[in-house]
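> After the structure tokens below, expect a handful of questions from me.
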Amino acid sequence: MDPVADKQRGVFTSIDWWTILIYLLLLTFGWMSVCGASYTYGDTDILSLSTRSGMQIVWIGTSIVLGGVLLLMDDRLYDTFAYIIYACLLLLLFATIFNPHEIKGSRSWLVLGPLRLQPAEFAKFATALAVSKLMSTYGFNIQQWKHFAAACAVVMLPMLFIVAQKETGSALVYLSFFLMFYREGMPGSILFTGVAMVFYFVVGIKYGGIDLWATPTRVGPFVVLLFVQLFTAGMVRIYTHDRDRSTHILSLCFGITLLALLLSHFVYPFDVVWVQTALCVLLVLWLLVQWLGTRFRNYFYIAAFAASSVLFFNAADHVLNNVMQPHQRARINVLLGLEEDLRGAGYNVHQSEIAIGSGGLRGKGFLNGTQTKLKFVPEQDTDFIFCTVGEEEGFVGSAGVLVLFLALILRLIHLAERQPRLFGRIYGYCVLSIFLFHVFINVGMVLGLTPVIGIPLPFFSYGGSSLWGFTFLLFIFLRIDAGRNANRR
């Protein structure tokens, strides 16, 4: 018997064919969406290589072949060469920064004759392999700051290179790795801090221009600082188990704030935010004193949270108004409802919403969408591909696509949890985190629920780089999973 042939038969019997089936279904519906988005009335040959639908068939075919090649390779190669693959992609990302070919304001593309590749799409699987290799080494403990910092550095380095290529949207995808960090033991307080920062930014900016109760106090800063005090008191209760002190902090902060607000309204108008800021400073100082007196480090961490919350909120307003580019600021203002700008920053989203809404329950049918055929939606076959699904297939088709993505995510969780080796489990959670981030943000921005940051919808958006990149991500994990029961010598 040929041992190589036996090994290949063993691999194909161990592959999770349910995931392969979901992958093929997504590719099929993705091609139909690209075809619908790029089709023009009067076209007679949608399979021609001169059309985007024809070229997408080429990308799909090469992706399937690529997936088969990845499945035939030894799964131990991905672990062994993880750092080398990561280093090669870092060099490629760095070289791309100085690429003279600028496409739509971005330097993220390498142009090789008729072929255009985006290294940032391939850096995702390389980073996933490298961070999985690091975190699966003997003695690694994510709850130790030096180990956690090393893992963050592996993730952040390609992120910085991609930002230098003017591809902020692609760089933000790397924040999805923190979901994997949380699964592997990262303190929940870090994830909560990230969520709190988003809350501070949205509330502070959205309501920053509204007066509170006919006083010089603005609703945005007032609510943010109130929640900083609330969160801090809650953390004192949870992480120091001191219920009485937590209650005293809340009573004192809320009582003084209410008194200041009454004085500002009835006696002498002044900005109550100054009083709240002073309370936060005193709260941080008290926490530091407690830390020095008891040597209980949780007091220090809570003080750092409160201080960073206040600093972040004040810096966010400065960054929005003085650091961000006008088009970036306009997109955020449109998302938060501060501006409408249906002809400028809000045009894409507005037209996308019209296209999705016009689809109704069952849609207009394949190739019958009017908004997409008349090219009202910019980037409708790439970043805004989901609006084509909504218009042609309606609510039923859109829900079906989302159910397919949900099935993929749930299947990836199942596969990751059954891995016998730590490397496989961590890589699996990297893969599902990246997919979850892409689907959530892309569909959200098409519906006007998340910022427009320009990232593709997996297996749907037109293009070879993204399709190959997602295929690498998925099939490397499927190969690792197929080798889970192999005897290791």
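Chains: A, B, ... in order of the structure tokens. Residues: from 1 per chain. Ligands: from 1, in order shown.
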Taking the backbone alone, and naming residues the way the document does, which bits of stretch 137-241 of chain A are helix (DSSP H, G or I) by DSSP, as number ranges by chain?

A: 145-164, 168-183, 188-206, 219-240

> Find the residues near A:Trp213: any atom within 12 Å, counting only C-alpha atoms, skip ones fewer than 3 places away on the same chain, and give them as JSON, numbers by chain.

{"A": [210, 216, 217, 218, 219, 222, 261, 262, 263, 264, 265, 266, 269, 270, 271, 272]}

> Determine, counting only C-alpha atoms, which protein, DNA and RNA residues have an atom within 8 Å of an atom of A:Arg479; residues of the same chain fewer than 6 positions away are not included. Present the result as number ranges by chain.

A: 11, 15, 70-75

> Given the selection you just returned, output its residues as a file containing N, CA and C atoms, formatted as a PDB file, in the first residue's frame.


ATOM      1  N   VAL A  11      -7.045  11.947   5.136  1.00  0.00           N
ATOM      2  CA  VAL A  11      -7.347  13.377   5.250  1.00  0.00           C
ATOM      3  C   VAL A  11      -8.749  13.662   4.734  1.00  0.00           C
ATOM      4  N   ILE A  15     -12.085  15.317   6.764  1.00  0.00           N
ATOM      5  CA  ILE A  15     -12.447  16.713   6.500  1.00  0.00           C
ATOM      6  C   ILE A  15     -13.897  16.963   6.909  1.00  0.00           C
ATOM      7  N   LEU A  70      -4.254  23.156  -0.408  1.00  0.00           N
ATOM      8  CA  LEU A  70      -4.033  23.354   1.025  1.00  0.00           C
ATOM      9  C   LEU A  70      -4.425  22.122   1.834  1.00  0.00           C
ATOM     10  N   LEU A  71      -5.454  21.411   1.389  1.00  0.00           N
ATOM     11  CA  LEU A  71      -5.886  20.202   2.095  1.00  0.00           C
ATOM     12  C   LEU A  71      -4.910  19.047   1.905  1.00  0.00           C
ATOM     13  N   LEU A  72      -4.181  19.043   0.805  1.00  0.00           N
ATOM     14  CA  LEU A  72      -3.237  17.969   0.530  1.00  0.00           C
ATOM     15  C   LEU A  72      -1.915  18.138   1.274  1.00  0.00           C
ATOM     16  N   MET A  73      -1.652  19.307   1.792  1.00  0.00           N
ATOM     17  CA  MET A  73      -0.397  19.567   2.501  1.00  0.00           C
ATOM     18  C   MET A  73      -0.460  19.010   3.918  1.00  0.00           C
ATOM     19  N   ASP A  74       0.703  18.734   4.467  1.00  0.00           N
ATOM     20  CA  ASP A  74       0.785  18.234   5.843  1.00  0.00           C
ATOM     21  C   ASP A  74       0.392  19.349   6.804  1.00  0.00           C
ATOM     22  N   ASP A  75      -0.524  19.059   7.712  1.00  0.00           N
ATOM     23  CA  ASP A  75      -1.003  20.109   8.612  1.00  0.00           C
ATOM     24  C   ASP A  75       0.081  20.644   9.526  1.00  0.00           C
TER      25      ASP A  75
END

> Between A:Phe305, A:Ser136, A:Thr294, A:Arg183, which residue has the minimum interatomic distance to A:Ala233, considering only C-alpha atoms?

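Among the listed residues, A:Phe305 lies closest to A:Ala233.
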
> Can I get the residues of stretch 138-174 of chain A within 10 Å of stretch 80-91 of chain A, each with the closest pair of atoms and their distance in Å to one decimal, using only C-alpha atoms, sorted chain first then ascending number, as CSV?


residue,atom,partner,partner_atom,distance
A:Val154,CA,A:Tyr86,CA,9.1
A:Leu157,CA,A:Leu90,CA,8.1
A:Pro158,CA,A:Leu90,CA,6.3
A:Met159,CA,A:Leu90,CA,10.0
A:Phe161,CA,A:Leu90,CA,8.0
A:Ile162,CA,A:Leu90,CA,9.9

> Write out as number ranges by chain which residues come within 7 Å of stretch 427-434 of chain A when counting only C-alpha atoms, dropping same-chain ones fewer than 2 positions away.

A: 128-129, 132, 173, 176-177, 179-180, 409, 412, 416, 423-425, 436-438, 473-474, 477

> Which residues come within 9 Å of A:Leu225, counting only C-alpha atoms, excluding same-chain residues fewer than 5 positions away, as JSON, numbers by chain?

{"A": [200, 220, 230, 273, 276, 277, 280, 309, 310, 313]}

> Quick one: everything within 9 Å of A:Ile57, counting only C-alpha atoms, minus sequence neighbours fewer than 6 positions away in the same chain. Send it as a PyMOL selection string.

chain A and resi 31+47+49

> Enter the distance from atom CA of A:Gly365 to atom CA of A:Gly394, in Å, rounded to one decimal.

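These two atoms are separated by 8.4 Å.
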
> Just checking: using only C-alpha atoms, which residue out of A:Arg116, A:Arg107, A:Lys133, A:Arg411 ends up closest to A:Trp17?

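Among A:Arg116, A:Arg107, A:Lys133, A:Arg411, it is A:Arg411 that comes nearest to A:Trp17.
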